[in-house]
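Student: Here you go, one structure.
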Amino acid sequence: MTIPEMRTSRWIEVRESPIHGSGVFAARRIPKGTRVIEYLGDRITHKEADDRYEDHDPSDNHTFLFIVDRRTVIDAGVNGNAARFINHSCDGNCTSVIEQRRVFIESTRVIEKGEELGYDYEIGREKDDPENVDEIFACRCGSPKCRGTMLYPAEKPAKKKKAKKKVAKKKTAKRPVKKPTKKKTRRAKGGRGR
Ligand SMILES: [Zn+2]
């Protein structure tokens, strides 16, 4: 049976976030295990996603790509809905669930009215990541469990420390930053918390 599309949601509202840009907040108390909204957008292949954002500045993390599986990426930058504004959190109150090759955001605990929604993007690391990838995807979620980066897993502690330092202290000038050929895409692990 096909799951009905959840383009909008009575549970949430979009407004400015203290974490980053626009965020998604509970418009009412959301019970644990609620399917809050579907992550919608253009369904394209990984190759199409790479081509689409080929000229995208690699130091800008602002794309809305979500990996469904090896074949499909959802680009919420095109025909996306409010789900694309849900910020990353290292210890969020939501999780992404993949069902019938579609992505849904579900609450993992009770979310009180006015609380910001967040889930772990778990953006995968790639061999050709630029040196400063953890700066580009720096996390400011404020959670005590914050790993400092939206990437998963967090880098080795020694390297992580270095990445946290101010840009001025970077030693990258001696070494040219590798130019990434692949786009960073949000990687969600389906089926978590179920
Ligand atoms: Zn964090």
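Each chain in the structure tokens gets a letter, A, B and so on, in the order shown; residues start at 1 in every chain, and ligands are counted from 1 in the order they appear.
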So that I can check the secondary structure, give me every residue of range 49-138 of chain A assigned helix (DSSP H, G or I) by backbone DSSP, as a list in words.
Tutor: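 Residues meeting the helix (DSSP H, G or I) criterion: Ala49, Asp50, Asp51, Arg52, Ala82, Ala83, Arg84, Phe85, Val133, Asp134, Glu135 and Ile136 of chain A.
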Student: What residues have any atom no more than 12 Å from ligand 1 when counting only C-alpha atoms and all ligand atoms, and can you list them as a PyMOL selection string?
Tutor: chain A and resi 19-20+87-92+118-122+134+137-152+154
Student: Go through A:Pro130, A:Ile30, A:Asn81, A:Pro58 one by one, measure the shortest atom-to-atom distance of each to Val110 in chain A using only C-alpha atoms, and give the residue with the smallest value.
Tutor: A:Ile30
Student: If you run DSSP on the backbone here, which positions in range 38-108 of chain A get strand (DSSP E)? Please write them as a list in words.
Tutor: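 Taking range 38-108 of chain A and keeping strand (DSSP E) gives Glu38, Asp42, Arg43, Ile44, Thr45, Leu65, Phe66, Ile67, Thr72, Val73, Ile74, Asp75, Asn87, His88, Cys94, Thr95, Ser96, Val97, Ile98, Glu99, Arg102, Val103, Phe104, Ile105, Glu106 and Ser107 of chain A.
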Student: With distances taken over only C-alpha atoms, which of A:Thr2, A:Thr34, A:Asn61, A:Ser96 is nearest to Arg109 in chain A?
Tutor: A:Thr34
Student: Could you tell me how far CA of Glu106 in chain A lies from CA of Cys94 in chain A, in Å and to one decimal?
Tutor: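 Pair CA of Glu106 in chain A / CA of Cys94 in chain A returns 5.3 Å.
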Student: Go through A:Pro18, A:Gly114, A:Gly23, A:Gly124 and flag the residue nearest Ala83 in chain A, using only C-alpha atoms for the distances.
Tutor: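 Looking at the shortest contact to Ala83 in chain A, the residue is A:Gly23.
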Student: Which residue gives the smallest distance to Arg125 in chain A among A:Asp50, A:Glu38, A:Glu99, A:Glu155, with only C-alpha atoms counted?
Tutor: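 Smallest separation from Arg125 in chain A among the options: A:Glu155.
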Student: I need the residue nearest Thr8 in chain A from this list: A:Ala82, A:Ser22, A:Asp42, A:Asp69. Use only C-alpha atoms for the distance.
Tutor: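 That would be A:Ala82, the residue with the smallest distance to Thr8 in chain A.
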Student: Restricting the calculation to only C-alpha atoms, which member of A:Ile74, A:Met6, A:Val24, A:Val36 is positioned closest to Ile105 in chain A?
Tutor: A:Val36
Student: Neighbouring residues of Ile3 in chain A were defined as those with any atom within 12 Å, considering only C-alpha atoms; residues of the same chain fewer than 6 positions away were excluded. Please report them as a PyMOL selection string.
Tutor: chain A and resi 35+38+98-104
Student: Kindly give the distance, in Å, that separates CA of Glu112 in chain A and CA of Ile67 in chain A, rounded to a single decimal.
Tutor: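 Between these atoms lies a distance of 28.8 Å.
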Student: In Å, with one decimal, what is the gap from CA of Val14 in chain A to CA of Ile111 in chain A?
Tutor: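 Interatomic distance, CA of Val14 in chain A to CA of Ile111 in chain A: 15.2 Å.
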